[in-house]
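Source file input-v1.cif; content: mmCIF, C-alpha atoms.
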```
data_coords
#
loop_
_atom_site.label_atom_id
_atom_site.label_comp_id
_atom_site.auth_asym_id
_atom_site.auth_seq_id
_atom_site.Cartn_x
_atom_site.Cartn_y
_atom_site.Cartn_z
CA MET A 29 -33.74 -3.24 -48.81
CA LYS A 30 -30.72 -1.08 -49.56
CA LEU A 31 -28.66 -2.14 -52.54
CA ASP A 32 -25.46 -1.21 -50.64
CA LEU A 33 -25.15 -4.88 -49.68
CA LEU A 34 -24.40 -5.67 -53.32
CA ARG A 35 -21.25 -3.54 -53.44
CA GLY A 36 -18.28 -5.91 -53.48
CA ALA A 37 -20.50 -9.00 -53.19
CA ARG A 38 -19.22 -12.04 -55.09
CA ILE A 39 -22.26 -13.30 -56.97
CA GLY A 40 -22.52 -16.45 -59.02
CA CYS A 41 -24.82 -15.62 -61.95
CA ALA A 42 -26.24 -18.80 -63.41
CA MET A 43 -28.42 -19.12 -66.49
CA THR A 44 -30.49 -22.11 -67.57
CA GLY A 45 -32.46 -22.66 -70.77
CA SER A 46 -35.51 -20.42 -70.53
CA PHE A 47 -34.32 -18.60 -73.63
CA CYS A 48 -37.28 -16.22 -73.89
CA THR A 49 -36.13 -14.50 -70.67
CA PHE A 50 -32.43 -14.16 -71.52
CA ALA A 51 -32.72 -10.45 -72.38
CA LYS A 52 -34.38 -9.75 -69.02
CA ALA A 53 -31.74 -11.82 -67.22
CA PHE A 54 -28.97 -9.86 -68.97
CA ASP A 55 -30.58 -6.64 -67.74
CA GLY A 56 -30.59 -8.10 -64.22
CA TRP A 57 -26.90 -9.00 -64.42
CA ARG A 58 -26.10 -5.48 -65.65
CA ALA A 59 -28.00 -4.00 -62.72
CA LEU A 60 -26.04 -6.16 -60.26
CA ARG A 61 -22.78 -5.11 -61.87
CA GLU A 62 -23.78 -1.43 -61.76
CA ALA A 63 -24.58 -1.85 -58.05
CA GLY A 64 -20.96 -2.88 -57.51
CA ALA A 65 -21.21 -6.67 -57.40
CA GLU A 66 -18.48 -8.92 -58.75
CA LEU A 67 -20.06 -11.41 -61.15
CA PHE A 68 -19.08 -15.02 -61.80
CA PRO A 69 -21.04 -16.26 -64.85
CA ILE A 70 -22.27 -19.86 -65.10
CA MET A 71 -24.39 -21.49 -67.81
CA SER A 72 -26.04 -24.86 -68.17
CA GLU A 73 -25.03 -26.84 -71.23
CA ASN A 74 -28.31 -26.11 -73.02
CA ALA A 75 -28.21 -22.41 -72.18
CA ALA A 76 -24.67 -22.14 -73.52
CA ARG A 77 -24.96 -24.24 -76.65
CA LEU A 78 -28.45 -24.11 -78.16
CA ASN A 79 -29.31 -21.61 -80.88
CA THR A 80 -32.88 -20.33 -80.55
CA ARG A 81 -35.15 -17.71 -82.10
CA PHE A 82 -34.23 -15.44 -79.17
CA PHE A 83 -30.43 -15.68 -79.26
CA ALA A 84 -27.71 -17.49 -81.11
CA ALA A 85 -25.70 -19.41 -78.51
CA GLU A 86 -22.51 -17.58 -79.44
CA ASP A 87 -24.20 -14.20 -79.00
CA ALA A 88 -25.66 -15.14 -75.62
CA ARG A 89 -22.26 -16.30 -74.36
CA ARG A 90 -20.57 -13.16 -75.68
CA ILE A 91 -23.09 -10.82 -74.04
CA PHE A 92 -22.90 -12.68 -70.73
CA THR A 93 -19.08 -12.64 -70.77
CA GLU A 94 -19.03 -8.91 -71.52
CA ILE A 95 -21.44 -8.12 -68.69
CA ALA A 96 -19.57 -10.22 -66.14
CA GLY A 97 -16.08 -9.29 -67.29
CA ARG A 98 -14.83 -12.87 -67.10
CA GLN A 99 -15.18 -16.22 -68.82
CA ILE A 100 -18.27 -18.36 -68.21
CA TRP A 101 -18.01 -21.52 -66.14
CA LEU A 102 -19.60 -24.32 -68.16
CA THR A 103 -18.47 -27.59 -66.58
CA LEU A 104 -18.88 -29.51 -63.34
CA ASN A 105 -15.13 -29.29 -62.79
CA GLU A 106 -15.17 -25.50 -63.06
CA VAL A 107 -17.99 -24.97 -60.54
CA GLU A 108 -17.29 -27.69 -57.97
CA PRO A 109 -14.64 -25.57 -56.14
CA ILE A 110 -17.26 -22.87 -55.36
CA GLY A 111 -18.00 -24.48 -51.99
CA PRO A 112 -14.60 -25.82 -50.92
CA LYS A 113 -12.87 -22.55 -51.85
CA ASN A 114 -15.72 -20.37 -50.52
CA LEU A 115 -15.75 -18.40 -53.78
CA LEU A 116 -19.18 -16.73 -53.60
CA ASP A 117 -21.38 -14.74 -51.23
CA LEU A 118 -24.57 -15.38 -53.21
CA MET A 119 -25.65 -17.66 -56.03
CA VAL A 120 -28.40 -16.41 -58.37
CA ILE A 121 -30.11 -18.66 -60.91
CA ALA A 122 -31.87 -16.48 -63.49
CA PRO A 123 -33.65 -17.80 -65.41
CA CYS A 124 -34.32 -21.02 -63.55
CA THR A 125 -36.26 -23.57 -65.59
CA GLY A 126 -38.66 -26.19 -64.28
CA ASN A 127 -35.98 -28.78 -65.04
CA THR A 128 -33.46 -27.00 -62.82
CA LEU A 129 -36.10 -26.47 -60.10
CA ALA A 130 -36.58 -30.24 -60.05
CA LYS A 131 -32.83 -30.85 -59.84
CA LEU A 132 -32.44 -28.40 -56.95
CA ALA A 133 -35.43 -29.82 -55.07
CA GLY A 134 -34.28 -33.40 -55.62
CA GLY A 135 -30.55 -32.93 -54.99
CA VAL A 136 -29.55 -33.80 -58.57
CA THR A 137 -26.22 -32.25 -59.58
CA ASP A 138 -25.63 -33.27 -63.19
CA THR A 139 -25.32 -29.76 -64.68
CA ALA A 140 -22.93 -26.92 -63.98
CA VAL A 141 -25.76 -24.82 -62.52
CA ALA A 142 -27.10 -27.53 -60.20
CA MET A 143 -23.58 -28.43 -59.04
CA ALA A 144 -22.74 -24.76 -58.44
CA ALA A 145 -25.83 -24.34 -56.26
CA LYS A 146 -25.09 -27.51 -54.28
CA SER A 147 -21.45 -26.55 -53.80
CA HIS A 148 -22.44 -23.07 -52.65
CA LEU A 149 -25.18 -24.28 -50.27
CA ARG A 150 -22.71 -26.50 -48.43
CA ASN A 151 -21.36 -23.30 -46.87
CA GLY A 152 -24.81 -22.26 -45.63
CA LYS A 153 -24.94 -19.33 -48.03
CA PRO A 154 -27.95 -18.01 -49.97
CA VAL A 155 -29.21 -19.13 -53.36
CA LEU A 156 -31.68 -16.85 -55.17
CA VAL A 157 -34.00 -18.36 -57.77
CA ALA A 158 -35.67 -16.42 -60.62
CA VAL A 159 -38.19 -18.95 -61.88
CA SER A 160 -39.24 -19.13 -65.52
CA THR A 161 -41.27 -22.19 -66.45
CA ASN A 162 -44.42 -23.01 -68.40
CA ASP A 163 -45.48 -25.55 -65.74
CA GLY A 164 -44.94 -23.52 -62.57
CA LEU A 165 -48.54 -24.07 -61.49
CA GLY A 166 -48.48 -27.63 -62.85
CA ARG A 167 -45.82 -30.26 -62.25
CA SER A 168 -43.19 -27.74 -61.10
CA ALA A 169 -45.44 -26.37 -58.34
CA ALA A 170 -44.36 -29.11 -55.93
CA ASN A 171 -40.70 -28.28 -56.51
CA ILE A 172 -41.29 -24.57 -55.99
CA GLY A 173 -43.01 -25.44 -52.70
CA ARG A 174 -40.11 -27.62 -51.61
CA LEU A 175 -37.58 -24.91 -52.42
CA LEU A 176 -39.61 -22.16 -50.72
CA SER A 177 -39.34 -24.14 -47.49
CA MET A 178 -35.59 -24.81 -47.78
CA LYS A 179 -33.14 -22.91 -45.65
CA HIS A 180 -30.92 -20.48 -47.59
CA VAL A 181 -33.08 -20.65 -50.75
CA PHE A 182 -34.93 -17.48 -51.78
CA PHE A 183 -37.03 -16.40 -54.76
CA VAL A 184 -37.24 -13.33 -56.93
CA PRO A 185 -40.94 -12.37 -56.88
CA PHE A 186 -42.86 -14.26 -59.55
CA GLY A 187 -46.31 -14.47 -61.09
CA GLN A 188 -48.29 -15.72 -64.06
CA ASP A 189 -46.94 -14.22 -67.25
CA ASP A 190 -49.87 -15.09 -69.55
CA TRP A 191 -52.75 -16.61 -67.60
CA SER A 192 -55.11 -16.73 -70.57
CA LYS A 193 -52.85 -18.61 -73.00
CA LYS A 194 -50.49 -20.34 -70.56
CA PRO A 195 -52.35 -20.70 -67.24
CA ASP A 196 -49.63 -22.82 -65.60
CA SER A 197 -46.74 -20.55 -66.61
CA LEU A 198 -44.77 -18.58 -64.03
CA VAL A 199 -42.01 -16.03 -64.53
CA ALA A 200 -39.94 -13.93 -62.15
CA ASP A 201 -40.03 -10.15 -62.11
CA PHE A 202 -36.45 -9.71 -63.32
CA GLY A 203 -36.61 -5.98 -62.63
CA ARG A 204 -36.61 -6.81 -58.91
CA LEU A 205 -33.53 -9.03 -59.12
CA PRO A 206 -31.13 -6.51 -57.48
CA GLU A 207 -33.48 -5.87 -54.57
CA ALA A 208 -34.15 -9.59 -54.15
CA ALA A 209 -30.40 -10.26 -54.23
CA ALA A 210 -29.76 -7.72 -51.48
CA CYS A 211 -32.48 -9.35 -49.37
CA ALA A 212 -31.03 -12.82 -49.98
CA LEU A 213 -27.58 -11.62 -48.91
CA ALA A 214 -29.24 -10.58 -45.65
CA GLU A 215 -30.90 -14.05 -45.47
CA ARG A 216 -34.35 -12.55 -46.05
CA GLN A 217 -37.03 -13.39 -48.56
CA ILE A 218 -38.15 -10.29 -50.45
CA GLN A 219 -41.87 -9.65 -50.04
CA PRO A 220 -44.34 -10.04 -51.53
CA VAL A 221 -43.20 -13.25 -53.23
CA LEU A 222 -46.19 -13.34 -55.56
CA CYS A 223 -46.70 -10.56 -58.10
CA ARG A 224 -48.98 -9.97 -61.06
#
```
Translate the structure described by the file into structure tokens.
Amino acid sequence: MKLDLLRGARIGCAMTGSFCTFAKAFDGWRALREAGAELFPIMSENAARLNTRFFAAEDARRIFTEIAGRQIWLTLNEVEPIGPKNLLDLMVIAPCTGNTLAKLAGGVTDTAVAMAAKSHLRNGKPVLVAVSTNDGLGRSAANIGRLLSMKHVFFVPFGQDDWSKKPDSLVADFGRLPEAAACALAERQIQPVLCR
């Protein structure tokens, strides 16, 4: 898939609390920006406010703001207009935790990220999910299956990140985020979906 589709695309870039993949997600956002996309950053409350061994919350917000070139949307009120005002061409959730997978699959909209996705989907536009969860082949497997079968929902290719120590854990190949985003803009699922 040609990355030309990304030039000028208005992309909602949402992050949830899989903190160990933040650096990879930031690289993905940079690649989208370099491809010419216009980025609209969104963070869940936990992603924006929790200090972890991977990033201090303030540092994560600063990096994300610098990459996107605009302030992060953090509240339900800030993201709700995405649908009514037709603000985005594509919504990307990277990383997407098992908690957020469950919210998307179940129609729960109690975080900025879940509300942004719901608001965007009302226009029949694509949502791209970059999964990162320790229970992807456990309890979250059912939610991944439900989302794979939903219209307008696509996945960045994913696989087991450490099958010997964490056999249920799944993580997206963040290096393929730009290509997956271009495919999603064309309403296509990048293939193969499963990677090593």
Evaluated on this file, the PyMOL selection byres ((chain A and resi 71-73) around 12) picks out some residues - which ones are they, written as a short mmCIF file (atom, residue, chain, number, x, y, z; two decimals) with C-alpha atoms, in the frame of the given file?
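Saved to selection.cif:
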```cif
data_model
loop_
_atom_site.label_atom_id
_atom_site.label_comp_id
_atom_site.auth_asym_id
_atom_site.auth_seq_id
_atom_site.Cartn_x
_atom_site.Cartn_y
_atom_site.Cartn_z
CA GLY A 40 -22.52 -16.45 -59.02
CA CYS A 41 -24.82 -15.62 -61.95
CA ALA A 42 -26.24 -18.80 -63.41
CA MET A 43 -28.42 -19.12 -66.49
CA THR A 44 -30.49 -22.11 -67.57
CA GLY A 45 -32.46 -22.66 -70.77
CA SER A 46 -35.51 -20.42 -70.53
CA PHE A 47 -34.32 -18.60 -73.63
CA PHE A 50 -32.43 -14.16 -71.52
CA PHE A 68 -19.08 -15.02 -61.80
CA PRO A 69 -21.04 -16.26 -64.85
CA ILE A 70 -22.27 -19.86 -65.10
CA ASN A 74 -28.31 -26.11 -73.02
CA ALA A 75 -28.21 -22.41 -72.18
CA ALA A 76 -24.67 -22.14 -73.52
CA ARG A 77 -24.96 -24.24 -76.65
CA LEU A 78 -28.45 -24.11 -78.16
CA ASN A 79 -29.31 -21.61 -80.88
CA ALA A 85 -25.70 -19.41 -78.51
CA ALA A 88 -25.66 -15.14 -75.62
CA ARG A 89 -22.26 -16.30 -74.36
CA PHE A 92 -22.90 -12.68 -70.73
CA THR A 93 -19.08 -12.64 -70.77
CA GLN A 99 -15.18 -16.22 -68.82
CA ILE A 100 -18.27 -18.36 -68.21
CA TRP A 101 -18.01 -21.52 -66.14
CA LEU A 102 -19.60 -24.32 -68.16
CA THR A 103 -18.47 -27.59 -66.58
CA LEU A 104 -18.88 -29.51 -63.34
CA GLU A 106 -15.17 -25.50 -63.06
CA VAL A 107 -17.99 -24.97 -60.54
CA VAL A 120 -28.40 -16.41 -58.37
CA ILE A 121 -30.11 -18.66 -60.91
CA ALA A 122 -31.87 -16.48 -63.49
CA PRO A 123 -33.65 -17.80 -65.41
CA CYS A 124 -34.32 -21.02 -63.55
CA THR A 125 -36.26 -23.57 -65.59
CA ASN A 127 -35.98 -28.78 -65.04
CA THR A 128 -33.46 -27.00 -62.82
CA THR A 137 -26.22 -32.25 -59.58
CA ASP A 138 -25.63 -33.27 -63.19
CA THR A 139 -25.32 -29.76 -64.68
CA ALA A 140 -22.93 -26.92 -63.98
CA VAL A 141 -25.76 -24.82 -62.52
CA ALA A 142 -27.10 -27.53 -60.20
CA MET A 143 -23.58 -28.43 -59.04
CA ALA A 144 -22.74 -24.76 -58.44
CA ALA A 145 -25.83 -24.34 -56.26
#
```
Counting all atoms listed in the file, select every polymer residue within 7 Å of (-49.2, -22.3, -67.2) as defined in the file's coordinates, and provide the selection as a count of residues only.
11
What would the list of residues within 8 Å of (-32.9, -19.3, -43.9) (file frame) look like as a list in words, if only C-alpha atoms are what count?
Pro154, Met178, Lys179, His180, Val181, Glu215 and Arg216 of chain A
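Here atom CA of A:Asp189 is placed at a distance of 16.5 Å from atom CA of A:Pro220.
Residue nearest A:Glu207 within the list A:Ala63, A:Asp55, A:Ala37, A:Gly126: A:Ala63 [criterion: smallest interatomic distance, only C-alpha atoms].
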How far is it from atom CA of A:Ala53 to atom CA of A:Arg204, in Å with one decimal?
10.9 Å
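The smallest atom-to-atom distance between A:Lys131 and any of A:Phe83, A:Ser168, A:Leu118, A:His148, using only C-alpha atoms, is found for A:Ser168.
Distance annotation: of A:Ile91, A:Asn171, A:Thr161, A:Leu116, the residue with the minimal separation from A:Leu129 is A:Asn171; atom set is all atoms listed in the file.
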Using only C-alpha atoms, the shortest atom-to-atom distance to A:Phe82 among A:Leu67, A:Lys146, A:Phe186, A:Thr49 belongs to A:Thr49
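With all atoms listed in the file as the atoms that count, the residue of A:Asp117, A:Glu108, A:Asp190, A:Glu94 with the shortest distance to A:Trp57 is A:Glu94.
Of the listed residues (A:Arg150, A:Ser160, A:Ala51, A:Gly135), A:Arg150 comes nearest to A:Ile110; the distances count all atoms listed in the file.
Atom CA of A:Met119 is positioned 21.5 Å from atom CA of A:Gly187.
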If the PyMOL selection byres ((chain A and resi 30-33) around 10) is run on the structure shown, which residues does it catch, given as a VMD selection string?
chain A and resid 29 34 to 37 60 63 to 65 206 to 214
